[in-house]
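S.K.: The structure is given below, and queries will be raised subsequently.
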Amino acid sequence: MAQKEKLITKGQLFLFIIQAQIGVGILSLPSKLNETAKGGGGLSVLVAGVITQLAILLLWLLLKKFPGLNLFNICIELAGPIIGSLLIIAYIGYFILLGSNIMLSAVEVLQRWMLQTTPRWAVVALFSIMTLYLAREKLTVLARFYMLASLLFIPLFLFICYGLTQAHLENMFPLLEKGVWNIVKGAKDTTISMYGFELMLIIYPLSEGTDKQKLITVSLSNLFVTLFYFIVVSTCLMFFTSEQIKMIPEPVIYLMKSLSFFIVDRADILFLPIWTITLVCSIVSYCYAASIGLSVLFRRKKHRNFAPFVKIITFMIALAPVTSAGIHLLDTASTYAAYLFIGGLPLVMLIISRFIKRKGSGLA
């Protein structure tokens with residue numbers, strides 16, 4: 001089992017999953033849901049929360065089958081050293097791809113709203129330096145930083161809720177204007193924006209509590225994120241009309257820009273730096289997971305020496321797309337990779353584990 005001083009508390013696990021889940025996708029989500037489900041966008045978020053919870057339950061059943069082991073150790077345990085190593089490499093590639101995509105998306109948003117004349121390589125380099133500094137640290141250090149960063153949810157929540165003072169409830173009605181099927185389709189876009197919970201595959205054995213307590217903790221994280229997304233999407237759908245929101249790529253930021261706080265004329269200038277901290281946490285989480293995978297692959301006790309290699313690769317991937325088509329291709333690849341590595345492979349591993357009696361006994 002993991003040593004006591006390496007374990008994070010249930011509260012830290014709760015905040016870790018929240019920081020990993022909330023990413024850049026929420027900024028444009030209201031616009032996507034307006035196109036798909038219109039006023040029913042809020043319902044799409046709730047459906048996505050249920051789908052995410054089912055995925056969490058799947059990952060939990062797999063982790064429960066192998067107590068004390070993380071994803072990479074389970075791959076070795078189930079598939080042996082050769083095929084298991086190939087699975088580890090695949091998952092490392094997935095974590096790097098997701099981290100790169102989040103970083104690129106964050107840079108694109110910042111360049112549209114704040115840093116129009118700043119070269120993309122400079123912004124990507126700054127993100128890489130910030131995230132490398134954290135990704136090299138132990139999980140307990142990351143958990144403490146995430147706890148501090150979580151305090152920033154308070155001003156974010158207040159900013160968004162202030163938009164309700166100028167919202168019009170009738171803008172959301174009728175809720176079923178586009179039909180139930182389109183609400184379900186909208187849930188797909190929302191689920192994509194809620195990725196990050198799969199990092200429980202890495203940190204689960206390094207957290208305190210019983211299996212049931214850990215499931216409840218991660219489930220509460222998903223509930224928090226679902227309700228947060230619901231509030232954000234509903235606020236935007238009530239603040240803007242359907243025709244207005246079609247012309248706004250990031251309605252959440254435009255909402256901040258539209259509000260006046262008396263002493264602050266451009267609330268979006270305050271909102272974006274605060275939101276960037278949350279994005280940094282998401283990127284760090286994926287880079288940390290990839291570094292852990294490399295340490296298991298090369299049988300090293302510490303991951304910190306692998307973090308620079310991960311950051312170099314993510315830096316290069318984030319710089320590779322030079323056109324909007326390239327950026328869209330990277331985003332699409334990340335989406336389909338998530339289907340495979342969050343749903344497909346864990347389900348296959350869980351089915352295979354039902355036919356073996358051997359269980360893991362500790363962390364490698």
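Starting from 1 in every chain, residues are counted up; chains themselves are A, B, ... following the order of the structure tokens, and ligands are numbered from 1 as listed.
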DSSP on the backbone, then: every residue of stretch 3-200 of chain A marked helix (DSSP H, G or I), written as a PyMOL selection string.

M.R.: chain A and resi 4-6+10-21+25-36+38-65+71-113+120-135+139-150+153-166+169-172+180-193+197-200

S.K.: Skipping near chain neighbours, those fewer than 4 positions away, what residues fall within 10 Å of A:Gly11 using only C-alpha atoms, listed as a ChimeraX atom specification?

M.R.: /A:15-16,143,147,207-208,217-218,221

S.K.: For those residues, write all heavy atoms to a file as a short mmCIF file (atom, residue, chain, number, x, y, z; two decimals), in the first residue's frame.

M.R.:
```cif
data_model
loop_
_atom_site.label_atom_id
_atom_site.label_comp_id
_atom_site.auth_asym_id
_atom_site.auth_seq_id
_atom_site.Cartn_x
_atom_site.Cartn_y
_atom_site.Cartn_z
N LEU A 15 -11.49 18.26 -4.32
CA LEU A 15 -11.09 19.47 -5.04
C LEU A 15 -10.20 19.15 -6.24
O LEU A 15 -10.23 19.85 -7.25
CB LEU A 15 -10.36 20.42 -4.09
CG LEU A 15 -11.22 20.99 -2.95
CD1 LEU A 15 -10.37 21.81 -1.99
CD2 LEU A 15 -12.36 21.85 -3.52
N PHE A 16 -9.40 18.08 -6.14
CA PHE A 16 -8.53 17.68 -7.25
C PHE A 16 -9.36 17.33 -8.48
O PHE A 16 -9.08 17.79 -9.60
CB PHE A 16 -7.66 16.49 -6.85
CG PHE A 16 -6.57 16.16 -7.83
CD1 PHE A 16 -5.26 16.55 -7.58
CD2 PHE A 16 -6.84 15.47 -9.00
CE1 PHE A 16 -4.25 16.25 -8.49
CE2 PHE A 16 -5.84 15.17 -9.91
CZ PHE A 16 -4.54 15.56 -9.65
N ALA A 143 -2.20 18.75 -4.47
CA ALA A 143 -3.48 18.82 -3.76
C ALA A 143 -3.57 20.10 -2.94
O ALA A 143 -4.64 20.74 -2.89
CB ALA A 143 -3.64 17.59 -2.87
N MET A 147 -6.22 23.20 -3.52
CA MET A 147 -7.09 23.72 -2.45
C MET A 147 -7.06 25.25 -2.42
O MET A 147 -8.10 25.90 -2.30
CB MET A 147 -6.65 23.16 -1.10
CG MET A 147 -6.95 21.68 -0.89
SD MET A 147 -6.52 21.09 0.77
CE MET A 147 -7.76 21.95 1.75
N SER A 207 -5.22 8.20 -2.09
CA SER A 207 -6.14 9.01 -1.31
C SER A 207 -6.69 8.21 -0.14
O SER A 207 -6.77 6.98 -0.19
CB SER A 207 -7.29 9.52 -2.20
OG SER A 207 -7.98 8.43 -2.79
N GLU A 208 -7.06 8.92 0.91
CA GLU A 208 -7.56 8.29 2.11
C GLU A 208 -9.01 7.84 1.94
O GLU A 208 -9.72 8.32 1.07
CB GLU A 208 -7.48 9.27 3.29
CG GLU A 208 -6.06 9.68 3.66
CD GLU A 208 -6.05 10.70 4.78
OE1 GLU A 208 -7.14 11.23 5.12
OE2 GLU A 208 -4.96 10.99 5.31
N THR A 217 -16.91 10.62 -2.67
CA THR A 217 -16.16 11.86 -2.83
C THR A 217 -16.07 12.28 -4.29
O THR A 217 -16.35 13.45 -4.64
CB THR A 217 -14.73 11.71 -2.27
OG1 THR A 217 -14.81 11.37 -0.87
CG2 THR A 217 -13.94 12.99 -2.43
N VAL A 218 -15.71 11.34 -5.17
CA VAL A 218 -15.61 11.65 -6.59
C VAL A 218 -16.99 11.99 -7.17
O VAL A 218 -17.12 12.87 -8.02
CB VAL A 218 -14.96 10.48 -7.36
CG1 VAL A 218 -14.91 10.78 -8.86
CG2 VAL A 218 -13.55 10.22 -6.84
N SER A 221 -17.81 15.46 -6.34
CA SER A 221 -17.07 16.36 -7.24
C SER A 221 -17.82 16.52 -8.55
O SER A 221 -17.98 17.64 -9.07
CB SER A 221 -15.66 15.81 -7.50
OG SER A 221 -14.90 15.72 -6.32
#
```

S.K.: At a cut-off of 12 Å, can you tabulate as a Markdown table every residue of stretch 283-302 of chain A near stretch 313-323 of chain A together with its closest atom pair and the distance in Å to one decimal, using only C-alpha atoms and ordering rows by chain then number?

M.R.:
```
| residue | atom | partner | partner_atom | distance |
| --- | --- | --- | --- | --- |
| A:Ile283 | CA | A:Thr314 | CA | 9.7 |
| A:Val284 | CA | A:Thr314 | CA | 11.1 |
| A:Tyr286 | CA | A:Thr314 | CA | 10.3 |
| A:Cys287 | CA | A:Thr314 | CA | 8.5 |
| A:Ala290 | CA | A:Thr314 | CA | 10.6 |
| A:Ser291 | CA | A:Ile313 | CA | 11.6 |
```

S.K.: Let me make sure I understand: among A:Lys38, A:His328, A:Lys311, A:Lys214, which one has the smallest atom-to-atom distance to A:Asn171 if we use only C-alpha atoms?

M.R.: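 Checking each of A:Lys38, A:His328, A:Lys311, A:Lys214 against A:Asn171, counting only C-alpha atoms, the winner is A:Lys38.
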
S.K.: Go through A:Leu27, A:Leu87, A:Val310, A:Val50 one by one, measure the shortest atom-to-atom distance of each to A:Arg136 using only C-alpha atoms, and give the residue with the smallest value.

M.R.: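 Counting only C-alpha atoms, the residue closest to A:Arg136 is A:Val310.
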
S.K.: Between A:Ile327, A:Ile102, A:Ile129, A:Ile88, which has the minimum distance to A:Ile76 (counting only C-alpha atoms)?

M.R.: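 Using only C-alpha atoms, A:Ile76 sits closest to A:Ile88.
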